[in-house]
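Shown here: start.cif, mmCIF, C-alpha atoms.
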data_upload
loop_
_atom_site.group_PDB
_atom_site.id
_atom_site.type_symbol
_atom_site.label_atom_id
_atom_site.label_comp_id
_atom_site.auth_asym_id
_atom_site.auth_seq_id
_atom_site.Cartn_x
_atom_site.Cartn_y
_atom_site.Cartn_z
ATOM 1 C CA MET A 1 -1.864 7.245 42.057
ATOM 2 C CA THR A 2 -2.877 6.856 38.406
ATOM 3 C CA MET A 3 -2.668 10.029 36.346
ATOM 4 C CA LEU A 4 -5.889 11.145 34.714
ATOM 5 C CA THR A 5 -4.329 10.835 31.266
ATOM 6 C CA GLU A 6 -3.340 7.221 32.029
ATOM 7 C CA SER A 7 -6.637 6.153 33.594
ATOM 8 C CA GLU A 8 -8.692 3.365 32.067
ATOM 9 C CA SER A 9 -10.812 4.240 29.049
ATOM 10 C CA LEU A 10 -14.559 4.355 29.577
ATOM 11 C CA HIS A 11 -14.852 2.200 26.449
ATOM 12 C CA ASP A 12 -13.773 -1.428 26.106
ATOM 13 C CA GLY A 13 -13.755 -4.229 23.588
ATOM 14 C CA LEU A 14 -12.731 -1.746 20.934
ATOM 15 C CA GLU A 15 -11.532 -4.477 18.585
ATOM 16 C CA PHE A 16 -15.088 -5.823 18.365
ATOM 17 C CA LEU A 17 -16.729 -2.524 17.459
ATOM 18 C CA SER A 18 -17.903 -1.542 13.985
ATOM 19 C CA SER A 19 -16.480 1.539 12.300
ATOM 20 C CA ILE A 20 -19.547 3.615 13.162
ATOM 21 C CA GLU A 21 -19.366 2.531 16.813
ATOM 22 C CA ILE A 22 -15.696 3.500 17.004
ATOM 23 C CA LEU A 23 -16.342 6.883 15.411
ATOM 24 C CA ARG A 24 -19.285 7.638 17.674
ATOM 25 C CA GLY A 25 -17.274 6.619 20.732
ATOM 26 C CA ILE A 26 -14.412 8.948 19.804
ATOM 27 C CA ASN A 27 -16.846 11.765 19.113
ATOM 28 C CA GLN A 28 -18.573 11.151 22.451
ATOM 29 C CA GLU A 29 -15.261 11.680 24.219
ATOM 30 C CA ASP A 30 -14.360 14.714 22.090
ATOM 31 C CA HIS A 31 -17.498 16.491 23.315
ATOM 32 C CA LYS A 32 -15.816 16.720 26.715
ATOM 33 C CA VAL A 33 -12.878 18.746 25.400
ATOM 34 C CA SER A 34 -14.704 22.063 24.991
ATOM 35 C CA LYS A 35 -15.934 21.957 28.592
ATOM 36 C CA ALA A 36 -12.416 21.242 29.833
ATOM 37 C CA THR A 37 -10.945 24.148 27.858
ATOM 38 C CA GLU A 38 -13.716 26.460 29.084
ATOM 39 C CA ALA A 39 -12.872 25.582 32.680
ATOM 40 C CA ALA A 40 -9.221 26.487 31.990
ATOM 41 C CA ILE A 41 -9.962 30.020 30.715
ATOM 42 C CA PRO A 42 -9.241 31.859 34.013
ATOM 43 C CA ALA A 43 -5.789 30.251 34.243
ATOM 44 C CA LEU A 44 -5.188 30.931 30.564
ATOM 45 C CA GLU A 45 -6.125 34.592 31.036
ATOM 46 C CA SER A 46 -3.443 34.911 33.717
ATOM 47 C CA LEU A 47 -0.885 33.440 31.322
ATOM 48 C CA VAL A 48 -1.896 35.787 28.480
ATOM 49 C CA GLU A 49 -1.774 38.843 30.730
ATOM 50 C CA SER A 50 1.689 37.860 31.985
ATOM 51 C CA ILE A 51 3.183 37.221 28.545
ATOM 52 C CA LEU A 52 1.678 40.336 26.941
ATOM 53 C CA PRO A 53 3.944 42.978 28.547
ATOM 54 C CA GLN A 54 6.977 40.802 27.841
ATOM 55 C CA MET A 55 6.165 40.673 24.137
ATOM 56 C CA ARG A 56 5.339 44.389 24.046
ATOM 57 C CA ALA A 57 8.820 45.001 25.429
ATOM 58 C CA GLY A 58 10.405 42.980 22.631
ATOM 59 C CA GLY A 59 10.400 39.564 24.268
ATOM 60 C CA ARG A 60 9.796 36.311 22.414
ATOM 61 C CA LEU A 61 7.432 33.425 23.113
ATOM 62 C CA PHE A 62 8.872 29.903 23.231
ATOM 63 C CA TYR A 63 6.919 26.652 23.252
ATOM 64 C CA ILE A 64 8.746 23.535 24.446
ATOM 65 C CA GLY A 65 7.402 20.006 24.317
ATOM 66 C CA ALA A 66 7.971 16.417 23.268
ATOM 67 C CA GLY A 67 6.104 14.214 20.812
ATOM 68 C CA THR A 68 2.584 15.376 19.973
ATOM 69 C CA SER A 69 2.859 18.265 22.426
ATOM 70 C CA GLY A 70 6.068 19.524 20.820
ATOM 71 C CA ARG A 71 4.612 19.232 17.331
ATOM 72 C CA LEU A 72 1.536 21.210 18.327
ATOM 73 C CA GLY A 73 3.740 23.994 19.680
ATOM 74 C CA ILE A 74 5.708 24.097 16.434
ATOM 75 C CA VAL A 75 2.504 24.263 14.388
ATOM 76 C CA ASP A 76 1.179 27.190 16.425
ATOM 77 C CA ALA A 77 4.493 29.049 16.292
ATOM 78 C CA SER A 78 4.883 28.530 12.542
ATOM 79 C CA GLU A 79 1.431 29.937 11.836
ATOM 80 C CA CYS A 80 1.957 33.248 13.644
ATOM 81 C CA PRO A 81 4.118 35.016 10.986
ATOM 82 C CA PRO A 82 1.836 34.350 7.983
ATOM 83 C CA THR A 83 -1.371 34.929 9.946
ATOM 84 C CA PHE A 84 -0.408 37.990 11.958
ATOM 85 C CA GLY A 85 2.622 39.396 10.154
ATOM 86 C CA VAL A 86 4.994 39.080 13.105
ATOM 87 C CA GLU A 87 8.632 38.541 12.274
ATOM 88 C CA GLN A 88 10.113 35.062 12.132
ATOM 89 C CA GLY A 89 11.548 34.197 15.533
ATOM 90 C CA LYS A 90 8.948 36.102 17.563
ATOM 91 C CA VAL A 91 7.182 32.827 18.429
ATOM 92 C CA ILE A 92 9.401 29.742 18.479
ATOM 93 C CA GLY A 93 8.490 26.083 18.887
ATOM 94 C CA LEU A 94 11.074 23.608 20.210
ATOM 95 C CA ILE A 95 10.657 19.830 20.302
ATOM 96 C CA ALA A 96 12.668 17.224 22.177
ATOM 97 C CA GLY A 97 14.977 15.535 19.705
ATOM 98 C CA GLY A 98 15.221 18.521 17.380
ATOM 99 C CA ASP A 99 13.530 19.175 14.059
ATOM 100 C CA GLY A 100 13.910 15.550 13.008
ATOM 101 C CA ALA A 101 11.429 14.619 15.737
ATOM 102 C CA ILE A 102 8.689 16.580 13.978
ATOM 103 C CA ARG A 103 8.239 13.691 11.531
ATOM 104 C CA LYS A 104 9.744 10.741 13.384
ATOM 105 C CA ALA A 105 9.861 9.971 17.090
ATOM 106 C CA VAL A 106 13.336 10.189 18.637
ATOM 107 C CA GLU A 107 13.814 7.576 21.349
ATOM 108 C CA LEU A 108 14.484 8.863 24.881
ATOM 109 C CA ALA A 109 14.717 12.486 23.719
ATOM 110 C CA GLU A 110 12.015 13.646 26.115
ATOM 111 C CA ASP A 111 13.804 12.065 29.086
ATOM 112 C CA ASP A 112 16.792 14.440 28.952
ATOM 113 C CA GLU A 113 16.088 17.261 31.419
ATOM 114 C CA ASN A 114 19.125 19.239 30.238
ATOM 115 C CA GLN A 115 18.437 19.220 26.502
ATOM 116 C CA ALA A 116 15.732 21.903 26.616
ATOM 117 C CA ILE A 117 18.189 24.158 28.435
ATOM 118 C CA PHE A 118 20.687 23.764 25.595
ATOM 119 C CA ASP A 119 17.937 24.262 22.995
ATOM 120 C CA LEU A 120 16.792 27.498 24.632
ATOM 121 C CA GLN A 121 20.357 28.721 25.112
ATOM 122 C CA ALA A 122 20.939 28.262 21.380
ATOM 123 C CA TYR A 123 18.389 31.036 20.856
ATOM 124 C CA GLY A 124 20.000 33.283 23.459
ATOM 125 C CA LEU A 125 17.103 33.086 25.906
ATOM 126 C CA ARG A 126 16.626 36.402 27.733
ATOM 127 C CA SER A 127 14.748 37.467 30.846
ATOM 128 C CA ASN A 128 12.094 39.303 28.821
ATOM 129 C CA ASP A 129 11.204 36.116 26.921
ATOM 130 C CA SER A 130 8.346 33.796 27.879
ATOM 131 C CA VAL A 131 8.466 29.994 27.871
ATOM 132 C CA VAL A 132 5.398 27.750 27.786
ATOM 133 C CA GLY A 133 5.893 24.043 28.428
ATOM 134 C CA ILE A 134 3.413 21.668 26.783
ATOM 135 C CA ALA A 135 3.034 18.171 28.223
ATOM 136 C CA ALA A 136 -0.180 16.179 28.476
ATOM 137 C CA SER A 137 1.254 13.973 31.229
ATOM 138 C CA GLY A 138 2.805 16.890 33.083
ATOM 139 C CA ARG A 139 5.927 14.875 33.864
ATOM 140 C CA THR A 140 8.134 15.218 30.754
ATOM 141 C CA PRO A 141 11.750 15.842 31.923
ATOM 142 C CA TYR A 142 12.622 17.849 28.783
ATOM 143 C CA VAL A 143 9.845 20.324 29.601
ATOM 144 C CA ILE A 144 10.571 20.431 33.334
ATOM 145 C CA GLY A 145 14.242 21.212 32.750
ATOM 146 C CA GLY A 146 13.458 23.963 30.261
ATOM 147 C CA LEU A 147 10.897 25.623 32.527
ATOM 148 C CA LYS A 148 13.206 25.552 35.545
ATOM 149 C CA ALA A 149 16.019 27.142 33.547
ATOM 150 C CA ALA A 150 13.728 29.808 32.099
ATOM 151 C CA ARG A 151 12.261 30.609 35.489
ATOM 152 C CA SER A 152 15.716 30.967 37.071
ATOM 153 C CA LEU A 153 16.561 33.485 34.357
ATOM 154 C CA GLY A 154 13.472 35.562 35.181
ATOM 155 C CA CYS A 155 11.351 34.599 32.172
ATOM 156 C CA VAL A 156 7.593 34.327 32.419
ATOM 157 C CA THR A 157 6.806 30.606 32.457
ATOM 158 C CA GLY A 158 3.573 28.829 31.655
ATOM 159 C CA ALA A 159 2.451 25.252 31.141
ATOM 160 C CA ILE A 160 -0.317 23.404 29.329
ATOM 161 C CA VAL A 161 -0.984 20.042 30.978
ATOM 162 C CA CYS A 162 -3.830 17.554 31.227
ATOM 163 C CA ASN A 163 -3.263 16.264 34.782
ATOM 164 C CA THR A 164 -3.533 17.903 38.184
ATOM 165 C CA GLY A 165 -0.602 18.514 40.514
ATOM 166 C CA SER A 166 2.071 17.712 37.943
ATOM 167 C CA LEU A 167 5.777 18.500 38.063
ATOM 168 C CA VAL A 168 5.483 20.503 34.849
ATOM 169 C CA ALA A 169 2.761 22.652 36.405
ATOM 170 C CA GLU A 170 4.848 23.100 39.554
ATOM 171 C CA SER A 171 7.782 24.259 37.422
ATOM 172 C CA ALA A 172 5.756 27.079 35.825
ATOM 173 C CA GLU A 173 4.397 30.288 37.331
ATOM 174 C CA PHE A 174 1.211 30.151 35.279
ATOM 175 C CA PRO A 175 0.079 26.561 34.682
ATOM 176 C CA VAL A 176 -3.027 25.813 32.631
ATOM 177 C CA GLU A 177 -4.564 22.438 33.494
ATOM 178 C CA VAL A 178 -7.013 21.096 30.894
ATOM 179 C CA LEU A 179 -8.613 18.022 32.419
ATOM 180 C CA VAL A 180 -10.194 16.107 29.564
ATOM 181 C CA GLY A 181 -10.350 12.759 31.384
ATOM 182 C CA PRO A 182 -9.550 9.245 30.150
ATOM 183 C CA GLU A 183 -8.753 8.820 26.478
ATOM 184 C CA PHE A 184 -10.846 6.643 24.124
ATOM 185 C CA ILE A 185 -7.789 4.387 23.842
ATOM 186 C CA THR A 186 -6.239 4.248 27.299
ATOM 187 C CA GLY A 187 -3.257 6.600 27.534
ATOM 188 C CA SER A 188 -3.404 7.787 23.898
ATOM 189 C CA THR A 189 -2.912 11.477 24.623
ATOM 190 C CA ARG A 190 -2.671 12.334 20.919
ATOM 191 C CA MET A 191 -6.476 12.228 21.052
ATOM 192 C CA LYS A 192 -8.471 14.364 23.538
ATOM 193 C CA SER A 193 -5.410 15.759 25.284
ATOM 194 C CA GLY A 194 -3.833 16.751 21.976
ATOM 195 C CA THR A 195 -7.070 18.371 20.824
ATOM 196 C CA ALA A 196 -7.311 20.330 24.070
ATOM 197 C CA GLN A 197 -3.693 21.488 23.806
ATOM 198 C CA LYS A 198 -4.302 22.664 20.234
ATOM 199 C CA LEU A 199 -7.361 24.647 21.357
ATOM 200 C CA ILE A 200 -5.472 26.262 24.229
ATOM 201 C CA LEU A 201 -2.571 27.185 21.942
ATOM 202 C CA ASN A 202 -5.012 28.708 19.443
ATOM 203 C CA MET A 203 -6.551 30.776 22.213
ATOM 204 C CA LEU A 204 -3.205 31.806 23.689
ATOM 205 C CA SER A 205 -1.497 32.990 20.502
ATOM 206 C CA THR A 206 -4.644 34.550 19.020
ATOM 207 C CA ALA A 207 -5.407 36.519 22.178
ATOM 208 C CA LEU A 208 -1.805 37.745 22.324
ATOM 209 C CA MET A 209 -1.747 38.789 18.664
ATOM 210 C CA ILE A 210 -5.049 40.643 18.948
ATOM 211 C CA ARG A 211 -3.846 42.460 22.077
ATOM 212 C CA LEU A 212 -0.576 43.281 20.281
ATOM 213 C CA GLY A 213 -2.566 45.034 17.555
ATOM 214 C CA HIS A 214 -2.284 42.602 14.650
ATOM 215 C CA VAL A 215 -6.059 42.411 14.110
ATOM 216 C CA GLN A 216 -8.439 45.240 13.243
ATOM 217 C CA GLY A 217 -12.145 44.613 13.616
ATOM 218 C CA ASN A 218 -12.080 40.897 12.912
ATOM 219 C CA GLN A 219 -9.530 40.951 10.111
ATOM 220 C CA MET A 220 -5.899 39.853 9.777
ATOM 221 C CA VAL A 221 -4.623 43.167 8.452
ATOM 222 C CA ASP A 222 -0.933 42.205 8.820
ATOM 223 C CA MET A 223 -1.125 38.756 7.195
ATOM 224 C CA HIS A 224 1.581 37.779 4.725
ATOM 225 C CA LEU A 225 0.434 37.629 1.103
ATOM 226 C CA SER A 226 1.961 34.197 0.614
ATOM 227 C CA ASN A 227 -0.530 32.678 -1.836
ATOM 228 C CA ILE A 228 -3.338 33.540 -4.265
ATOM 229 C CA LYS A 229 -6.058 32.929 -1.678
ATOM 230 C CA LEU A 230 -4.549 35.447 0.736
ATOM 231 C CA VAL A 231 -4.014 38.038 -2.005
ATOM 232 C CA GLU A 232 -7.673 37.675 -2.949
ATOM 233 C CA ARG A 233 -8.744 37.977 0.672
ATOM 234 C CA GLY A 234 -6.532 41.019 1.166
ATOM 235 C CA THR A 235 -7.901 42.609 -1.988
ATOM 236 C CA ARG A 236 -11.457 42.283 -0.672
ATOM 237 C CA MET A 237 -10.406 43.797 2.640
ATOM 238 C CA VAL A 238 -8.689 46.769 0.988
ATOM 239 C CA SER A 239 -11.649 47.270 -1.338
ATOM 240 C CA GLU A 240 -14.105 47.251 1.573
ATOM 241 C CA GLN A 241 -12.081 49.737 3.594
ATOM 242 C CA SER A 242 -11.137 52.101 0.754
ATOM 243 C CA GLY A 243 -14.091 51.871 -1.587
ATOM 244 C CA LEU A 244 -11.786 51.032 -4.495
ATOM 245 C CA GLU A 245 -12.819 48.540 -7.140
ATOM 246 C CA ALA A 246 -11.044 45.171 -7.035
ATOM 247 C CA ASN A 247 -8.260 45.750 -9.593
ATOM 248 C CA LYS A 248 -7.157 49.020 -8.010
ATOM 249 C CA ALA A 249 -7.443 47.546 -4.505
ATOM 250 C CA ARG A 250 -5.249 44.623 -5.563
ATOM 251 C CA GLU A 251 -2.672 46.967 -7.083
ATOM 252 C CA LEU A 252 -2.571 49.023 -3.901
ATOM 253 C CA LEU A 253 -2.264 45.893 -1.777
ATOM 254 C CA LEU A 254 0.623 44.471 -3.782
ATOM 255 C CA THR A 255 2.393 47.823 -3.811
ATOM 256 C CA TYR A 256 2.395 48.169 -0.021
ATOM 257 C CA GLY A 257 2.524 44.489 0.948
ATOM 258 C CA SER A 258 -0.203 44.322 3.591
ATOM 259 C CA VAL A 259 -3.797 45.346 4.114
ATOM 260 C CA ARG A 260 -2.869 47.694 6.952
ATOM 261 C CA LYS A 261 -0.183 49.527 4.960
ATOM 262 C CA ALA A 262 -2.325 49.711 1.830
ATOM 263 C CA VAL A 263 -5.301 51.214 3.653
ATOM 264 C CA GLU A 264 -3.102 53.625 5.616
ATOM 265 C CA ALA A 265 -1.486 54.791 2.378
ATOM 266 C CA TRP A 266 -4.877 55.284 0.737
ATOM 267 C CA ASN A 267 -6.235 57.198 3.706
ATOM 268 C CA SER A 268 -3.170 59.462 3.832
ATOM 269 C CA GLN A 269 -3.503 60.219 0.121
ATOM 270 C CA ASN A 270 -7.268 60.732 0.330
ATOM 271 C CA PRO A 271 -7.976 62.507 3.643
#
Encoded form (structure tokens):
Amino acid sequence: MTMLTESESLHDGLEFLSSIEILRGINQEDHKVSKATEAAIPALESLVESILPQMRAGGRLFYIGAGTSGRLGIVDASECPPTFGVEQGKVIGLIAGGDGAIRKAVELAEDDENQAIFDLQAYGLRSNDSVVGIAASGRTPYVIGGLKAARSLGCVTGAIVCNTGSLVAESAEFPVEVLVGPEFITGSTRMKSGTAQKLILNMLSTALMIRLGHVQGNQMVDMHLSNIKLVERGTRMVSEQSGLEANKARELLLTYGSVRKAVEAWNSQNP
């Protein structure tokens, strides 16, 4: 039985198409991604609700994947500290083949079912951690091995896949299947499947961080002030919440290091 991600593209003769025809064809397929992610929301909710108490109790969130899937997990994990102010190591992305595989594919790395176990053990995986396997095909041995090991330890396990009835999904308690259909180029899961995985990861980590209290109203009050743009944004936020003019708001922000702490300090000093 052909997997959905490997099924024949609905487009053919691609080499004879003009640039505008290629672009419109890709965009036509991309329109299907939002519907697929919407259909996956109930399963994703179950995953969020299962991970949440683990993280509240001090557990960490691990993403494991190979190739594009692994890189997407690393991107999402790396963006959590600056965006939400969580400590480094609270959300961790692991890729088959190690950090070198982020930039360059490592041959056969994803086929080693034991390597993810070693990679997770290097971080001292604990029962209150959560592990989410990411694999468009749903058959990546690296991900299957990691999920089985995590599940045997008592971790919450989830999966993000783009096929039905996959071994990766079977290895996780809370699988999320995002069925985007055939790719524009047959089997090129860096396209629609990768886009869908990125959307699901955005939804997963953002929902968790909001529920963990790192957002107030609609603002990133715990964000790291790592560049001029973020200092300027934080200054506006402090100014809006305190009524201070910009220079004083900026001074308060830089003194306390985050919007939340700056506003709390101002409120305590000006009850």
Notebook entry, point to check: atom CA of A:Gly70 to atom CA of A:Ala96: how many Å, to one decimal?
Noted result: 7.1 Å
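Distance check against A:Ile41 using only C-alpha atoms: of A:Val176, A:Met209, A:Val221, A:Asn202, the minimum falls on A:Val176.
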Item checked: Explicit residue set for the PyMOL selection byres ((chain A and resi 231-243) around 8), as a PyMOL selection string -> chain A and resi 221+225-230+244-246+249-250+253+258-259+262-263+266-267
Next item on the list: Find the residues around A:Glu45 up to 9 Å (only C-alpha atoms counted), leave out those fewer than 5 positions away in its own chain, and share them as a PyMOL selection string.
Entry: chain A and resi 40+50+204
Note to self: To test your reading of the syntax: which residues would the PyMOL selection byres ((chain A and resi 75-86) around 6) return for the file shown? Reply as a PyMOL selection string.
What the structure shows: chain A and resi 72-74+87+91-93+214+222-224
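The environment of A:Ile185 within 12 Å, counting all atoms listed in the file and disregarding residues fewer than 2 places along the same chain, consists of Thr5, Glu6, Ser7, Glu8, Ser9, Leu10, His11, Asp12, Gly13, Leu14, Glu15, Ile22, Gly25, Ile26, Glu29, Gly181, Pro182, Glu183, Gly187, Ser188, Thr189, Arg190, Met191, Lys192 and Ser193 of chain A.
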Next item on the list: Starting from the shown file, work through the PyMOL selection byres ((chain A and resi 114) around 10) and note down what comes out as a ChimeraX atom specification.
Entry: /A:110-113,115-119,141-146,149
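As for atom CA of A:Pro175 and atom CA of A:Tyr63, they are spaced 13.3 Å apart.
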Check: Hey, can you check how far atom CA of A:Lys90 sits from atom CA of A:Ser130?
Finding: 10.6 Å
Note to self: Just checking: using all atoms listed in the file, which residue out of A:Ile95, A:Met220, A:Val156, A:Leu252 ends up closest to A:Ser46?
What the structure shows: A:Val156
Notebook entry, point to check: Between A:Ala105, A:Cys155, A:Ser19, A:Ser137, which one has atoms that come closest to A:Arg60, using all atoms listed in the file?
Noted result: A:Cys155
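If you measure from each of A:Asn163, A:Gln121, A:Lys261, A:Leu208 to A:Val180 using all atoms listed in the file, the closest one turns out to be A:Asn163.
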Check: Closest to A:Ser69 among A:Lys104, A:His31, A:Lys198, A:Arg260, using all atoms listed in the file?
Finding: A:Lys198
Next item on the list: Please provide the set of residues having any atom within 7 Å of stretch 53-59 of chain A, restricted to all atoms listed in the file, with same-chain residues fewer than 2 positions apart removed, written as a ChimeraX atom specification.
Entry: /A:50-51,61,128-129
Margin query: My list of candidates is A:Thr164, A:Asn27, A:Asn247, A:Thr68. Which is closest to A:Leu94 when distances are computed with all atoms listed in the file?
Written below: A:Thr68
Would you mind putting N, CA and C atoms back on stretch 28-50 of chain A and writing the result as a JSON list (two decimals), in the frame of the given file?
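Final file, result-v3.json:
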[["chain", "number", "residue", "atom", "x", "y", "z"],
["A", 28, "GLN", "N", -17.99, 11.00, 21.11],
["A", 28, "GLN", "CA", -18.57, 11.15, 22.45],
["A", 28, "GLN", "C", -17.54, 11.69, 23.43],
["A", 29, "GLU", "N", -16.32, 11.18, 23.34],
["A", 29, "GLU", "CA", -15.26, 11.68, 24.22],
["A", 29, "GLU", "C", -14.84, 13.11, 23.84],
["A", 30, "ASP", "N", -14.79, 13.39, 22.54],
["A", 30, "ASP", "CA", -14.36, 14.71, 22.09],
["A", 30, "ASP", "C", -15.29, 15.82, 22.58],
["A", 31, "HIS", "N", -16.55, 15.49, 22.81],
["A", 31, "HIS", "CA", -17.50, 16.49, 23.32],
["A", 31, "HIS", "C", -17.05, 17.05, 24.67],
["A", 32, "LYS", "N", -16.25, 16.30, 25.39],
["A", 32, "LYS", "CA", -15.82, 16.72, 26.72],
["A", 32, "LYS", "C", -14.69, 17.75, 26.67],
["A", 33, "VAL", "N", -14.05, 17.88, 25.51],
["A", 33, "VAL", "CA", -12.88, 18.75, 25.40],
["A", 33, "VAL", "C", -13.25, 20.22, 25.55],
["A", 34, "SER", "N", -14.34, 20.64, 24.93],
["A", 34, "SER", "CA", -14.70, 22.06, 24.99],
["A", 34, "SER", "C", -15.02, 22.50, 26.41],
["A", 35, "LYS", "N", -15.64, 21.62, 27.19],
["A", 35, "LYS", "CA", -15.93, 21.96, 28.59],
["A", 35, "LYS", "C", -14.64, 22.08, 29.40],
["A", 36, "ALA", "N", -13.69, 21.20, 29.11],
["A", 36, "ALA", "CA", -12.42, 21.24, 29.83],
["A", 36, "ALA", "C", -11.64, 22.52, 29.51],
["A", 37, "THR", "N", -11.66, 22.93, 28.23],
["A", 37, "THR", "CA", -10.94, 24.15, 27.86],
["A", 37, "THR", "C", -11.65, 25.38, 28.43],
["A", 38, "GLU", "N", -12.98, 25.33, 28.49],
["A", 38, "GLU", "CA", -13.72, 26.46, 29.08],
["A", 38, "GLU", "C", -13.35, 26.63, 30.55],
["A", 39, "ALA", "N", -13.22, 25.52, 31.26],
["A", 39, "ALA", "CA", -12.87, 25.58, 32.68],
["A", 39, "ALA", "C", -11.47, 26.14, 32.89],
["A", 40, "ALA", "N", -10.61, 26.03, 31.87],
["A", 40, "ALA", "CA", -9.22, 26.49, 31.99],
["A", 40, "ALA", "C", -9.04, 27.96, 31.63],
["A", 41, "ILE", "N", -10.09, 28.64, 31.19],
["A", 41, "ILE", "CA", -9.96, 30.02, 30.72],
["A", 41, "ILE", "C", -9.40, 30.97, 31.78],
["A", 42, "PRO", "N", -9.83, 30.93, 33.03],
["A", 42, "PRO", "CA", -9.24, 31.86, 34.01],
["A", 42, "PRO", "C", -7.72, 31.71, 34.15],
["A", 43, "ALA", "N", -7.24, 30.47, 34.17],
["A", 43, "ALA", "CA", -5.79, 30.25, 34.24],
["A", 43, "ALA", "C", -5.11, 30.73, 32.97],
["A", 44, "LEU", "N", -5.75, 30.50, 31.84],
["A", 44, "LEU", "CA", -5.19, 30.93, 30.56],
["A", 44, "LEU", "C", -5.14, 32.45, 30.48],
["A", 45, "GLU", "N", -6.14, 33.13, 31.02],
["A", 45, "GLU", "CA", -6.12, 34.59, 31.04],
["A", 45, "GLU", "C", -4.91, 35.12, 31.80],
["A", 46, "SER", "N", -4.61, 34.49, 32.93],
["A", 46, "SER", "CA", -3.44, 34.91, 33.72],
["A", 46, "SER", "C", -2.16, 34.75, 32.91],
["A", 47, "LEU", "N", -2.07, 33.67, 32.15],
["A", 47, "LEU", "CA", -0.88, 33.44, 31.32],
["A", 47, "LEU", "C", -0.79, 34.49, 30.22],
["A", 48, "VAL", "N", -1.89, 34.77, 29.54],
["A", 48, "VAL", "CA", -1.90, 35.79, 28.48],
["A", 48, "VAL", "C", -1.46, 37.14, 29.03],
["A", 49, "GLU", "N", -2.06, 37.53, 30.15],
["A", 49, "GLU", "CA", -1.77, 38.84, 30.73],
["A", 49, "GLU", "C", -0.33, 38.95, 31.22],
["A", 50, "SER", "N", 0.29, 37.85, 31.54],
["A", 50, "SER", "CA", 1.69, 37.86, 31.98],
["A", 50, "SER", "C", 2.66, 37.91, 30.81]]
